[in-house]
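> Provided herewith: my_file_11.cif, mmCIF, C-alpha atoms and all ligand atoms.
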```
data_upload
#
loop_
_atom_site.label_atom_id
_atom_site.label_comp_id
_atom_site.auth_asym_id
_atom_site.auth_seq_id
_atom_site.Cartn_x
_atom_site.Cartn_y
_atom_site.Cartn_z
CA MET A 1 -18.36 -20.61 3.37
CA GLN A 2 -18.44 -18.17 6.21
CA PHE A 3 -15.22 -16.67 7.47
CA LYS A 4 -14.76 -16.66 11.21
CA ARG A 5 -11.07 -16.41 11.93
CA ALA A 6 -8.75 -13.97 10.16
CA GLY A 7 -4.98 -14.12 10.19
CA VAL A 8 -3.11 -10.88 9.59
CA ILE A 9 0.53 -11.24 8.52
CA GLY A 10 2.53 -8.15 9.42
CA ALA A 11 1.83 -5.91 12.40
CA GLY A 12 2.93 -2.59 11.01
CA ALA A 13 0.48 0.30 11.14
CA TRP A 14 -1.75 -1.07 8.38
CA GLY A 15 -1.77 -4.71 9.47
CA THR A 16 -2.71 -3.57 12.97
CA ALA A 17 -5.45 -1.27 11.63
CA LEU A 18 -6.85 -4.07 9.48
CA ALA A 19 -6.85 -6.38 12.49
CA GLN A 20 -9.04 -3.75 14.18
CA VAL A 21 -11.38 -3.68 11.17
CA ALA A 22 -11.68 -7.47 11.08
CA ALA A 23 -12.33 -7.63 14.82
CA ARG A 24 -15.01 -4.92 14.55
CA ALA A 25 -16.52 -6.91 11.69
CA GLY A 26 -16.97 -9.78 14.15
CA LEU A 27 -14.04 -12.04 13.30
CA ASP A 28 -11.56 -13.53 15.70
CA VAL A 29 -8.20 -12.19 14.62
CA VAL A 30 -4.67 -13.55 14.94
CA LEU A 31 -2.14 -10.80 14.24
CA GLN A 32 1.40 -11.93 13.44
CA ALA A 33 4.25 -9.56 14.29
CA ARG A 34 7.93 -9.97 13.42
CA GLU A 35 9.10 -7.95 16.38
CA THR A 36 9.02 -9.42 19.88
CA GLU A 37 8.54 -5.90 21.25
CA VAL A 38 5.27 -5.61 19.28
CA VAL A 39 4.01 -8.93 20.65
CA ASP A 40 4.98 -7.83 24.17
CA SER A 41 3.47 -4.38 23.81
CA ILE A 42 0.12 -5.70 22.58
CA ASN A 43 0.02 -8.45 25.19
CA ALA A 44 0.90 -6.07 28.02
CA ARG A 45 -1.00 -2.90 27.04
CA ARG A 46 -3.24 -3.76 24.04
CA VAL A 47 -1.32 -1.17 22.00
CA ASN A 48 1.19 -1.54 19.16
CA GLU A 49 3.53 1.14 20.48
CA ALA A 50 6.10 0.71 17.71
CA PHE A 51 3.84 1.12 14.68
CA LEU A 52 0.40 2.34 15.77
CA PRO A 53 0.72 4.16 19.09
CA GLY A 54 -2.33 5.61 20.80
CA VAL A 55 -4.87 3.04 19.59
CA THR A 56 -6.27 0.45 22.00
CA LEU A 57 -6.79 -2.83 20.21
CA GLU A 58 -10.03 -4.82 20.20
CA ASP A 59 -10.33 -7.79 22.56
CA ARG A 60 -10.90 -10.19 19.65
CA ILE A 61 -7.32 -9.64 18.46
CA SER A 62 -4.62 -12.00 19.69
CA VAL A 63 -1.00 -11.43 18.76
CA THR A 64 1.74 -13.92 17.95
CA GLY A 65 5.27 -14.01 16.64
CA GLU A 66 4.68 -17.32 14.86
CA LEU A 67 3.25 -17.75 11.38
CA ALA A 68 2.29 -21.30 12.39
CA ASP A 69 -0.38 -19.80 14.68
CA LEU A 70 -2.26 -18.63 11.57
CA ALA A 71 -2.58 -22.16 10.18
CA ASP A 72 -6.20 -22.58 11.35
CA CYS A 73 -7.38 -19.19 10.02
CA ASP A 74 -9.91 -19.29 7.19
CA VAL A 75 -8.86 -16.01 5.57
CA ILE A 76 -5.42 -14.36 5.53
CA LEU A 77 -4.59 -10.69 5.11
CA ALA A 78 -0.99 -10.24 3.92
CA VAL A 79 0.36 -6.83 4.96
CA PRO A 80 4.18 -6.78 4.91
CA PRO A 81 6.06 -4.07 2.99
CA ALA A 82 5.81 -4.99 -0.71
CA GLN A 83 9.52 -5.78 -1.05
CA HIS A 84 9.10 -8.43 1.68
CA MET A 85 5.91 -9.99 0.29
CA ARG A 86 7.77 -12.84 -1.43
CA SER A 87 9.81 -13.87 1.61
CA THR A 88 6.76 -13.51 3.86
CA LEU A 89 4.48 -15.68 1.71
CA THR A 90 7.25 -18.22 1.18
CA ALA A 91 7.65 -18.51 4.95
CA PHE A 92 3.89 -18.90 5.34
CA ALA A 93 3.54 -21.54 2.60
CA THR A 94 3.93 -24.54 4.90
CA HIS A 95 1.12 -23.21 7.14
CA HIS A 96 -1.31 -22.33 4.36
CA ARG A 97 -4.28 -24.64 3.90
CA ALA A 98 -5.51 -25.19 0.34
CA GLY A 99 -8.39 -22.91 -0.56
CA VAL A 100 -7.80 -20.33 2.18
CA PRO A 101 -7.96 -16.94 0.41
CA ILE A 102 -5.09 -14.49 0.70
CA MET A 103 -5.98 -10.82 0.62
CA LEU A 104 -3.03 -8.72 -0.50
CA CYS A 105 -3.05 -5.37 1.31
CA SER A 106 0.42 -4.01 0.50
CA LYS A 107 1.15 -1.37 -2.13
CA GLY A 108 4.17 -1.76 -4.35
CA ILE A 109 5.99 -3.40 -7.23
CA GLU A 110 8.75 -5.90 -6.55
CA ARG A 111 12.18 -4.60 -7.42
CA GLY A 112 14.23 -6.78 -9.74
CA THR A 113 11.34 -8.88 -11.02
CA LEU A 114 8.99 -5.90 -11.60
CA LYS A 115 6.13 -8.11 -10.44
CA LEU A 116 2.84 -7.06 -8.86
CA MET A 117 1.86 -8.61 -5.53
CA THR A 118 -0.65 -10.93 -7.23
CA ASP A 119 2.20 -12.30 -9.37
CA VAL A 120 4.27 -12.85 -6.25
CA LEU A 121 1.35 -14.69 -4.63
CA ALA A 122 0.81 -16.85 -7.71
CA GLU A 123 4.47 -17.88 -7.60
CA THR A 124 4.65 -18.56 -3.88
CA LEU A 125 1.18 -19.95 -3.07
CA PRO A 126 -0.22 -21.02 -6.44
CA ASP A 127 -3.32 -22.64 -4.92
CA ALA A 128 -4.43 -19.64 -2.89
CA PRO A 129 -7.46 -17.69 -4.10
CA ALA A 130 -6.28 -14.07 -4.42
CA ALA A 131 -7.90 -10.79 -3.46
CA VAL A 132 -6.56 -7.24 -3.33
CA LEU A 133 -7.59 -4.64 -0.77
CA SER A 134 -6.47 -1.12 -1.62
CA GLY A 135 -7.73 2.40 -1.29
CA PRO A 136 -7.50 5.75 0.47
CA SER A 137 -7.10 4.73 4.09
CA PHE A 138 -4.62 6.04 6.62
CA ALA A 139 -3.99 3.35 9.21
CA GLY A 140 -4.38 5.69 12.18
CA GLU A 141 -7.78 6.91 11.00
CA VAL A 142 -9.07 3.45 10.15
CA ALA A 143 -7.85 2.00 13.43
CA ARG A 144 -9.70 4.71 15.35
CA GLY A 145 -12.89 3.87 13.47
CA LEU A 146 -13.07 7.00 11.28
CA PRO A 147 -14.96 6.33 8.02
CA SER A 148 -13.16 5.05 4.95
CA ALA A 149 -13.92 3.21 1.71
CA VAL A 150 -11.61 0.92 -0.23
CA THR A 151 -11.59 -1.30 -3.31
CA LEU A 152 -11.75 -5.05 -2.73
CA ALA A 153 -10.83 -6.86 -5.94
CA CYS A 154 -11.30 -10.58 -6.50
CA ALA A 155 -11.56 -12.41 -9.82
CA ASP A 156 -14.03 -14.87 -8.27
CA GLU A 157 -17.10 -12.67 -7.84
CA ALA A 158 -18.83 -14.91 -5.31
CA LEU A 159 -15.73 -15.07 -3.13
CA GLY A 160 -15.23 -11.32 -3.52
CA GLU A 161 -18.76 -10.68 -2.34
CA GLU A 162 -18.27 -12.92 0.67
CA LEU A 163 -15.01 -11.17 1.56
CA MET A 164 -16.70 -7.79 1.16
CA TRP A 165 -19.44 -8.68 3.65
CA THR A 166 -16.93 -10.35 5.94
CA LEU A 167 -14.69 -7.29 6.23
CA SER A 168 -17.28 -4.54 6.18
CA ALA A 169 -17.51 -2.91 9.56
CA PRO A 170 -19.04 0.28 10.91
CA GLY A 171 -17.12 2.99 9.08
CA PHE A 172 -15.22 0.60 6.79
CA ARG A 173 -16.78 0.12 3.35
CA PRO A 174 -15.16 -2.19 0.80
CA TYR A 175 -16.37 -1.70 -2.79
CA LEU A 176 -16.14 -4.75 -5.07
CA ALA A 177 -14.14 -5.09 -8.26
CA THR A 178 -12.94 -8.05 -10.31
CA ASP A 179 -9.90 -6.34 -11.86
CA LEU A 180 -6.93 -7.18 -9.62
CA ILE A 181 -4.31 -5.57 -11.84
CA GLY A 182 -6.15 -2.26 -11.98
CA ALA A 183 -6.60 -2.40 -8.21
CA GLU A 184 -2.89 -2.98 -7.60
CA VAL A 185 -1.30 -0.55 -10.03
CA GLY A 186 -2.86 2.59 -8.58
CA GLY A 187 -1.74 1.82 -5.03
CA ALA A 188 1.84 1.22 -6.14
CA ILE A 189 2.22 4.29 -8.36
CA LYS A 190 0.40 6.80 -6.17
CA ASN A 191 3.17 6.46 -3.60
CA VAL A 192 5.76 7.65 -6.14
CA LEU A 193 3.49 10.51 -7.22
CA ALA A 194 2.91 11.51 -3.59
CA ILE A 195 6.65 12.09 -3.29
CA ALA A 196 6.35 14.50 -6.25
CA CYS A 197 3.49 16.32 -4.51
CA GLY A 198 5.58 16.56 -1.36
CA LEU A 199 8.45 18.06 -3.36
CA SER A 200 6.10 20.65 -4.81
CA GLU A 201 4.79 21.47 -1.33
CA GLY A 202 8.31 21.66 0.11
CA LYS A 203 9.37 24.04 -2.64
CA GLY A 204 6.27 26.17 -2.12
CA LEU A 205 5.04 25.74 -5.69
CA GLY A 206 1.40 26.30 -4.72
CA ARG A 207 -1.98 24.60 -5.03
CA SER A 208 -2.14 24.84 -8.83
CA ALA A 209 1.06 22.81 -9.22
CA HIS A 210 -0.31 20.32 -6.68
CA ALA A 211 -3.49 19.80 -8.73
CA ALA A 212 -1.44 19.52 -11.95
CA ILE A 213 0.73 16.75 -10.46
CA ILE A 214 -2.31 14.81 -9.26
CA THR A 215 -4.05 15.07 -12.62
CA ARG A 216 -1.06 14.38 -14.86
CA GLY A 217 0.08 11.71 -12.39
CA PHE A 218 -3.31 10.07 -12.69
CA ALA A 219 -2.79 9.98 -16.48
CA GLU A 220 0.52 8.13 -15.88
CA MET A 221 -1.11 5.68 -13.50
CA THR A 222 -3.93 4.98 -15.94
CA ARG A 223 -1.56 4.44 -18.86
CA MET A 224 0.45 1.91 -16.86
CA GLY A 225 -2.64 0.18 -15.48
CA VAL A 226 -4.05 -0.32 -18.97
CA ALA A 227 -0.66 -1.38 -20.40
CA LEU A 228 -0.45 -4.11 -17.75
CA GLY A 229 -3.94 -5.39 -18.57
CA GLY A 230 -6.01 -3.50 -16.00
CA GLN A 231 -9.06 -1.38 -16.67
CA ALA A 232 -9.04 2.41 -16.69
CA GLU A 233 -12.28 2.52 -14.71
CA THR A 234 -10.71 0.52 -11.86
CA VAL A 235 -7.78 2.95 -11.75
CA ALA A 236 -10.31 5.79 -11.58
CA GLY A 237 -11.79 4.27 -8.41
CA LEU A 238 -10.87 4.28 -4.73
CA CYS A 239 -7.73 2.16 -5.28
CA GLY A 240 -6.28 4.57 -7.85
CA LEU A 241 -7.54 8.12 -8.06
CA GLY A 242 -8.99 8.01 -4.56
CA ASP A 243 -5.72 6.91 -2.99
CA LEU A 244 -3.73 9.34 -5.13
CA VAL A 245 -5.80 12.26 -3.87
CA LEU A 246 -5.46 11.16 -0.24
CA THR A 247 -1.76 10.41 -0.30
CA CYS A 248 -0.89 13.60 -2.17
CA SER A 249 -2.88 15.78 0.19
CA SER A 250 -1.68 15.07 3.70
CA PRO A 251 1.65 15.08 5.50
CA GLN A 252 0.20 12.06 7.39
CA SER A 253 1.44 10.20 4.30
CA ARG A 254 4.96 8.85 4.72
CA ASN A 255 5.49 9.25 0.98
CA MET A 256 4.30 12.81 0.78
CA SER A 257 6.31 13.75 3.85
CA LEU A 258 9.43 12.19 2.28
CA GLY A 259 8.92 14.45 -0.74
CA LEU A 260 8.27 17.41 1.55
CA ALA A 261 11.58 16.85 3.35
CA LEU A 262 13.45 16.58 0.04
CA GLY A 263 11.75 19.73 -1.24
CA GLN A 264 12.85 21.54 1.90
CA GLY A 265 16.46 20.62 1.21
CA GLN A 266 17.11 17.36 3.05
CA THR A 267 19.02 14.57 1.35
CA VAL A 268 17.32 11.21 0.83
CA GLU A 269 19.52 9.73 3.58
CA GLN A 270 18.55 12.50 6.01
CA ALA A 271 14.87 12.20 5.18
CA LEU A 272 14.84 8.43 5.76
CA ALA A 273 17.23 8.31 8.72
CA GLY A 274 15.90 6.59 11.82
CA LYS A 275 12.53 5.72 10.22
CA ARG A 276 11.12 2.28 10.98
CA SER A 277 8.05 2.82 8.87
CA VAL A 278 8.08 2.12 5.16
CA ALA A 279 7.85 4.75 2.38
CA GLU A 280 6.75 2.43 -0.43
CA GLY A 281 7.25 5.09 -3.11
CA TYR A 282 10.95 5.13 -2.34
CA GLU A 283 11.06 1.33 -2.58
CA SER A 284 8.97 1.01 -5.76
CA ALA A 285 10.25 4.01 -7.76
CA PRO A 286 13.11 2.10 -9.45
CA ALA A 287 10.72 -0.72 -10.38
CA VAL A 288 8.16 1.74 -11.77
CA ARG A 289 10.92 3.34 -13.86
CA GLU A 290 12.09 -0.02 -15.24
CA LEU A 291 8.55 -1.16 -15.90
CA ALA A 292 7.76 2.07 -17.78
CA ALA A 293 10.80 1.48 -19.99
CA ARG A 294 9.91 -2.16 -20.56
CA MET A 295 6.27 -1.44 -21.41
CA GLY A 296 6.97 1.77 -23.35
CA VAL A 297 4.69 3.80 -21.07
CA GLU A 298 5.26 7.54 -20.72
CA MET A 299 5.51 8.47 -17.03
CA PRO A 300 7.52 11.69 -16.75
CA ILE A 301 6.61 12.59 -13.15
CA SER A 302 7.26 9.09 -11.79
CA LEU A 303 10.54 8.85 -13.70
CA ALA A 304 11.65 12.24 -12.41
CA VAL A 305 11.04 11.09 -8.83
CA ALA A 306 12.96 7.85 -9.47
CA ALA A 307 15.90 9.84 -10.85
CA LEU A 308 15.90 12.16 -7.83
CA LEU A 309 15.80 9.27 -5.36
CA ALA A 310 18.67 7.62 -7.24
CA GLY A 311 20.75 10.79 -6.87
CA GLU A 312 20.77 11.46 -10.61
CA THR A 313 19.20 14.91 -10.48
CA THR A 314 18.37 17.75 -8.11
CA VAL A 315 14.96 19.02 -7.08
CA GLU A 316 15.55 22.25 -9.05
CA ALA A 317 16.59 20.41 -12.23
CA LEU A 318 13.64 18.02 -11.85
CA ILE A 319 11.19 20.93 -11.73
CA ASP A 320 12.88 22.69 -14.69
CA ASN A 321 12.80 19.50 -16.74
CA LEU A 322 9.13 18.78 -16.10
CA LEU A 323 8.14 22.37 -16.86
CA SER A 324 10.09 22.47 -20.13
CA ARG A 325 8.63 19.30 -21.61
CA PRO A 326 7.07 19.82 -25.06
CA LEU A 327 3.45 20.99 -24.98
CA ARG A 328 0.96 18.40 -26.13
CA ALA A 329 -2.68 17.35 -26.28
CA GLU A 330 -4.10 16.60 -22.83
CA ARG A 331 -5.73 13.30 -23.80
CA ASP A 332 -2.51 11.73 -25.23
N1 LIG B 401 0.15 2.77 6.99
C1 LIG B 401 -0.90 3.00 6.21
O1 LIG B 401 -1.66 3.95 6.42
C2 LIG B 401 -1.17 2.10 5.05
C3 LIG B 401 -0.21 1.20 4.60
N2 LIG B 401 -0.49 0.41 3.53
C4 LIG B 401 0.49 -0.53 3.02
O2 LIG B 401 0.71 -1.57 3.96
C5 LIG B 401 2.02 -2.12 3.80
C6 LIG B 401 2.68 -2.23 5.15
O3 LIG B 401 2.85 -0.92 5.63
P1 LIG B 401 2.65 -0.50 7.16
O4 LIG B 401 1.76 -1.45 7.85
O5 LIG B 401 2.28 0.91 7.16
O6 LIG B 401 4.12 -0.73 7.74
P2 LIG B 401 4.89 0.16 8.83
O7 LIG B 401 5.69 1.18 8.10
O8 LIG B 401 3.95 0.64 9.87
O9 LIG B 401 5.85 -0.89 9.51
C7 LIG B 401 6.91 -1.51 8.83
C8 LIG B 401 6.59 -2.97 8.71
O10 LIG B 401 7.63 -3.61 8.01
C9 LIG B 401 7.85 -4.88 8.61
N3 LIG B 401 9.14 -5.41 8.21
C10 LIG B 401 10.35 -4.84 8.39
N4 LIG B 401 11.32 -5.66 7.90
C11 LIG B 401 10.68 -6.74 7.40
C12 LIG B 401 11.11 -7.94 6.75
N5 LIG B 401 12.39 -8.18 6.54
N6 LIG B 401 10.17 -8.84 6.36
C13 LIG B 401 8.86 -8.61 6.56
N7 LIG B 401 8.39 -7.50 7.17
C14 LIG B 401 9.29 -6.58 7.59
C15 LIG B 401 7.72 -4.60 10.09
O11 LIG B 401 7.52 -5.77 10.81
C16 LIG B 401 6.47 -3.71 10.05
O12 LIG B 401 5.32 -4.51 10.04
C17 LIG B 401 2.76 -1.20 2.81
O13 LIG B 401 2.77 -1.77 1.55
C18 LIG B 401 1.88 0.06 2.81
O14 LIG B 401 1.94 0.76 1.58
C19 LIG B 401 -1.69 0.44 2.90
C20 LIG B 401 -2.67 1.30 3.32
C21 LIG B 401 -2.49 2.20 4.43
O1 LIG B 402 -1.53 4.07 1.51
C1 LIG B 402 -1.77 4.94 2.31
C2 LIG B 402 -3.07 5.62 2.38
O2 LIG B 402 -4.01 5.02 1.56
C3 LIG B 402 -0.72 5.36 3.27
O3 LIG B 402 0.13 6.23 2.62
P1 LIG B 402 1.63 6.38 3.10
O4 LIG B 402 2.26 5.02 2.98
O5 LIG B 402 2.25 7.38 2.18
O6 LIG B 402 1.60 6.86 4.51
#
```
Would you put the structure from the file into structure tokens?
Ligand SMILES: NC(=O)C1=CN([C@@H]2O[C@H](COP(=O)(O)OP(=O)(O)OC[C@H]3O[C@@H](n4cnc5c(N)ncnc54)[C@H](O)[C@@H]3O)[C@@H](O)[C@H]2O)C=CC1
Ligand SMILES: O=C(CO)COP(=O)(O)O

Amino acid sequence: MQFKRAGVIGAGAWGTALAQVAARAGLDVVLQARETEVVDSINARRVNEAFLPGVTLEDRISVTGELADLADCDVILAVPPAQHMRSTLTAFATHHRAGVPIMLCSKGIERGTLKLMTDVLAETLPDAPAAVLSGPSFAGEVARGLPSAVTLACADEALGEELMWTLSAPGFRPYLATDLIGAEVGGAIKNVLAIACGLSEGKGLGRSAHAAIITRGFAEMTRMGVALGGQAETVAGLCGLGDLVLTCSSPQSRNMSLGLALGQGQTVEQALAGKRSVAEGYESAPAVRELAARMGVEMPISLAVAALLAGETTVEALIDNLLSRPLRAERD
């Protein structure tokens, strides 16, 4: 099978950037937006002013408000915020044709159910072949054509290979994997850890603390990935370590900048006020905390962030607590 027409569900920054990638890769692209203003803005000026200002969209991209307009697409990229993945896929179910693969491009764990996005897909569109696209990739950079590399995971190797070739574009390099769980876990947890890095930055704790959070955070991410049935080597790839390094290192990240604001003394409400864009770490932190308890996985940094976001501790107490944990072997 050769893919020719891609449907992108969700015209936030990342959905719009991925529409650019698919168009540059030679596909015709139908981008579905929830907001009429986004449809109008792209139709009138070829720009998604609300979520990805300053980037002129490729001619091959058409925009629609209707999921029904994606019914004739032969591959679907699902890019809503993770907490809306279930409702989005449920709404799309009547338009999905059997066998059309769904590539999950969102990063998070569903609150309440503690499910990964592949679980949500299996429950809402059980006949859809699943793939996961995740890695270090800021939407603005990707949309402008700057180079990036991501993990593309698909249990069906032949389909994965086809999707890899289909989506590769100048400057956009998908690397294949078969381990969907490993590919998903890193992307969900790195957002929580990026908030911790932002806190450290906001408090002026220095570069050494920053590197310690990334490294010990990576240990947390790996433990959870393996506990859920993923492979450590997948978590060590672009979708895990790679994305952790990116997201923890730039205030371009919504998650890191949320942590930065909290570290500089803002409340959670102040830091999130007026924001239309999603900080997935804020959304997933309670689920990560519950999952860690359920699976018996030690994740002190992630849990500390979850407690702070829930108003159960202060930034100062969080730092004191983490620094006074018992000393231990690094590999444990
Ligand atoms: N922005 C980026 O650089 C990257 C984002 N991602 C992931 O992509 C996913 C989407 O994020 P962005 O595109 O950045 O979003 P965004 O923050 O730019 O925009 C918010 C999105 O949420 C949607 N939305 C709001 N309420 C909704 C509802 N009730 N149901 C469905 N959708 C609703 C809006 O339509 C909009 O598409 C997230 O999981 C994010 O982690 C992944 C890689 C890069
Ligand atoms: O996932 C991302 C980069 O890979 C985007 O990070 P933020 O959601 O923190 O902006």
> Between A:Arg97, A:Ser137, A:Arg144, A:Lys4, which has the minimum distance to Glu58 of chain A (counting all atoms listed in the file)?
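Among the listed residues, A:Arg144 lies closest to Glu58 of chain A.
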> Show me which residues are within 9 Å of ligand LIG 402 (chain B) counting all atoms listed in the file, and format the list as number ranges by chain.
A: 14, 106-107, 134-139, 150, 187-188, 190-191, 194-195, 239, 242-244, 246-248, 250-258, 277-281
> Selection from above, C-alpha atoms, as a PDB file, in the frame of the given file, can you write it?

```
ATOM      1  CA  TRP A  14      -1.750  -1.070   8.380  1.00  0.00           C
ATOM      2  CA  SER A 106       0.420  -4.010   0.500  1.00  0.00           C
ATOM      3  CA  LYS A 107       1.150  -1.370  -2.130  1.00  0.00           C
ATOM      4  CA  SER A 134      -6.470  -1.120  -1.620  1.00  0.00           C
ATOM      5  CA  GLY A 135      -7.730   2.400  -1.290  1.00  0.00           C
ATOM      6  CA  PRO A 136      -7.500   5.750   0.470  1.00  0.00           C
ATOM      7  CA  SER A 137      -7.100   4.730   4.090  1.00  0.00           C
ATOM      8  CA  PHE A 138      -4.620   6.040   6.620  1.00  0.00           C
ATOM      9  CA  ALA A 139      -3.990   3.350   9.210  1.00  0.00           C
ATOM     10  CA  VAL A 150     -11.610   0.920  -0.230  1.00  0.00           C
ATOM     11  CA  GLY A 187      -1.740   1.820  -5.030  1.00  0.00           C
ATOM     12  CA  ALA A 188       1.840   1.220  -6.140  1.00  0.00           C
ATOM     13  CA  LYS A 190       0.400   6.800  -6.170  1.00  0.00           C
ATOM     14  CA  ASN A 191       3.170   6.460  -3.600  1.00  0.00           C
ATOM     15  CA  ALA A 194       2.910  11.510  -3.590  1.00  0.00           C
ATOM     16  CA  ILE A 195       6.650  12.090  -3.290  1.00  0.00           C
ATOM     17  CA  CYS A 239      -7.730   2.160  -5.280  1.00  0.00           C
ATOM     18  CA  GLY A 242      -8.990   8.010  -4.560  1.00  0.00           C
ATOM     19  CA  ASP A 243      -5.720   6.910  -2.990  1.00  0.00           C
ATOM     20  CA  LEU A 244      -3.730   9.340  -5.130  1.00  0.00           C
ATOM     21  CA  LEU A 246      -5.460  11.160  -0.240  1.00  0.00           C
ATOM     22  CA  THR A 247      -1.760  10.410  -0.300  1.00  0.00           C
ATOM     23  CA  CYS A 248      -0.890  13.600  -2.170  1.00  0.00           C
ATOM     24  CA  SER A 250      -1.680  15.070   3.700  1.00  0.00           C
ATOM     25  CA  PRO A 251       1.650  15.080   5.500  1.00  0.00           C
ATOM     26  CA  GLN A 252       0.200  12.060   7.390  1.00  0.00           C
ATOM     27  CA  SER A 253       1.440  10.200   4.300  1.00  0.00           C
ATOM     28  CA  ARG A 254       4.960   8.850   4.720  1.00  0.00           C
ATOM     29  CA  ASN A 255       5.490   9.250   0.980  1.00  0.00           C
ATOM     30  CA  MET A 256       4.300  12.810   0.780  1.00  0.00           C
ATOM     31  CA  SER A 257       6.310  13.750   3.850  1.00  0.00           C
ATOM     32  CA  LEU A 258       9.430  12.190   2.280  1.00  0.00           C
ATOM     33  CA  SER A 277       8.050   2.820   8.870  1.00  0.00           C
ATOM     34  CA  VAL A 278       8.080   2.120   5.160  1.00  0.00           C
ATOM     35  CA  ALA A 279       7.850   4.750   2.380  1.00  0.00           C
ATOM     36  CA  GLU A 280       6.750   2.430  -0.430  1.00  0.00           C
ATOM     37  CA  GLY A 281       7.250   5.090  -3.110  1.00  0.00           C
TER      38      GLY A 281
END
```
> Take the point (-3.4, -22.4, 7.6) in the file's coordinates, draw a sphere of radius 7 Å around it, and report as an MDAnalysis selection string every protein, DNA or RNA residue with an atom inside or on it, counting only C-alpha atoms.
chainID A and resid 70:73 95:97
> Would you mind listing, for every residue of segment 115-156 of chain A within 9 Å of segment 164-186 of chain A, the two atoms forming the shortest contact and the distance between them in Å to one decimal, using only C-alpha atoms, sorted by chain and ascending residue number, as JSON lines?

```
{"residue": "A:Leu116", "atom": "CA", "partner": "A:Glu184", "partner_atom": "CA", "distance": 7.1}
{"residue": "A:Met117", "atom": "CA", "partner": "A:Glu184", "partner_atom": "CA", "distance": 7.7}
{"residue": "A:Thr118", "atom": "CA", "partner": "A:Leu180", "partner_atom": "CA", "distance": 7.7}
{"residue": "A:Ala130", "atom": "CA", "partner": "A:Leu180", "partner_atom": "CA", "distance": 8.7}
{"residue": "A:Ala131", "atom": "CA", "partner": "A:Leu180", "partner_atom": "CA", "distance": 7.2}
{"residue": "A:Val132", "atom": "CA", "partner": "A:Leu180", "partner_atom": "CA", "distance": 6.3}
{"residue": "A:Leu133", "atom": "CA", "partner": "A:Ala183", "partner_atom": "CA", "distance": 7.8}
{"residue": "A:Ser134", "atom": "CA", "partner": "A:Ala183", "partner_atom": "CA", "distance": 6.7}
{"residue": "A:Gly135", "atom": "CA", "partner": "A:Ala183", "partner_atom": "CA", "distance": 8.5}
{"residue": "A:Val142", "atom": "CA", "partner": "A:Phe172", "partner_atom": "CA", "distance": 7.6}
{"residue": "A:Gly145", "atom": "CA", "partner": "A:Gly171", "partner_atom": "CA", "distance": 6.2}
{"residue": "A:Leu146", "atom": "CA", "partner": "A:Gly171", "partner_atom": "CA", "distance": 6.1}
{"residue": "A:Pro147", "atom": "CA", "partner": "A:Gly171", "partner_atom": "CA", "distance": 4.1}
{"residue": "A:Ser148", "atom": "CA", "partner": "A:Phe172", "partner_atom": "CA", "distance": 5.2}
{"residue": "A:Ala149", "atom": "CA", "partner": "A:Arg173", "partner_atom": "CA", "distance": 4.5}
{"residue": "A:Val150", "atom": "CA", "partner": "A:Pro174", "partner_atom": "CA", "distance": 4.8}
{"residue": "A:Thr151", "atom": "CA", "partner": "A:Tyr175", "partner_atom": "CA", "distance": 4.8}
{"residue": "A:Leu152", "atom": "CA", "partner": "A:Leu176", "partner_atom": "CA", "distance": 5.0}
{"residue": "A:Ala153", "atom": "CA", "partner": "A:Ala177", "partner_atom": "CA", "distance": 4.4}
{"residue": "A:Cys154", "atom": "CA", "partner": "A:Thr178", "partner_atom": "CA", "distance": 4.9}
{"residue": "A:Ala155", "atom": "CA", "partner": "A:Thr178", "partner_atom": "CA", "distance": 4.6}
{"residue": "A:Asp156", "atom": "CA", "partner": "A:Thr178", "partner_atom": "CA", "distance": 7.2}
```
> Quick one: pull the distance between atom CA of Gln2 of chain A and atom CA of Leu18 of chain A, Å, one decimal.
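So the answer is 18.5 Å.
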> Between A:Ala13, A:Leu31, A:Ala82, A:Leu322, which residue has the minimum interatomic distance to Phe51 of chain A, considering all atoms listed in the file?
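Counting all atoms listed in the file, the residue closest to Phe51 of chain A is A:Ala13.
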> Which residues are near segment 7-9 of chain A? Cut-off 9 Å, all atoms listed in the file, ignore same chain within fewer than 4 positions. Put them as a count of residues only.
26
> Grab the atom O8 of ligand LIG 401 (chain B) to atom CA of Glu66 of chain A distance for me, in Å with one decimal place.
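Separation of atom O8 of ligand LIG 401 (chain B) and atom CA of Glu66 of chain A: 18.7 Å.
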> Smallest atom-to-atom distance to Ala22 of chain A: which of A:Ser208, A:Ala292, A:Arg325, A:Arg60, using only C-alpha atoms?
A:Arg60
> If we count all atoms listed in the file, what is near Val38 of chain A at a cut-off of 8 Å, once residues fewer than 5 positions away on the same chain are taken out, given as an MDAnalysis selection string?
chainID A and resid 11 33 48:50
> List the spatial neighbours of Thr113 of chain A as a list of chain:residue names - criterion: any atom at most 12 Å away, only C-alpha atoms, same-chain residues fewer than 6 positions off excluded.
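Near Thr113 of chain A, the qualifying residues are A:Gln83, A:Arg86, A:Asp119, A:Val120, A:Glu123, A:Ser284, A:Pro286, A:Ala287, A:Val288, A:Glu290, A:Leu291, A:Arg294.
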> I'd like the interatomic distance between atom CA of Ala6 of chain A and atom CA of Ile189 of chain A, to a tenth of an Å.
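That distance, rounded to one decimal, is 28.2 Å.
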> Do a neighbour search on Gly202 of chain A at 8 Å with only C-alpha atoms, toss out local chain neighbours closer than 4 positions, and write the hits as a CSV table (one decimal) with C-alpha atoms, in the frame of the given file.

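Once everything was written out, this is around12.csv:
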```
chain,number,residue,atom,x,y,z
A,198,GLY,CA,5.6,16.6,-1.4
A,259,GLY,CA,8.9,14.4,-0.7
A,260,LEU,CA,8.3,17.4,1.6
A,261,ALA,CA,11.6,16.8,3.4
A,262,LEU,CA,13.4,16.6,0.0
A,263,GLY,CA,11.8,19.7,-1.2
A,264,GLN,CA,12.8,21.5,1.9
```
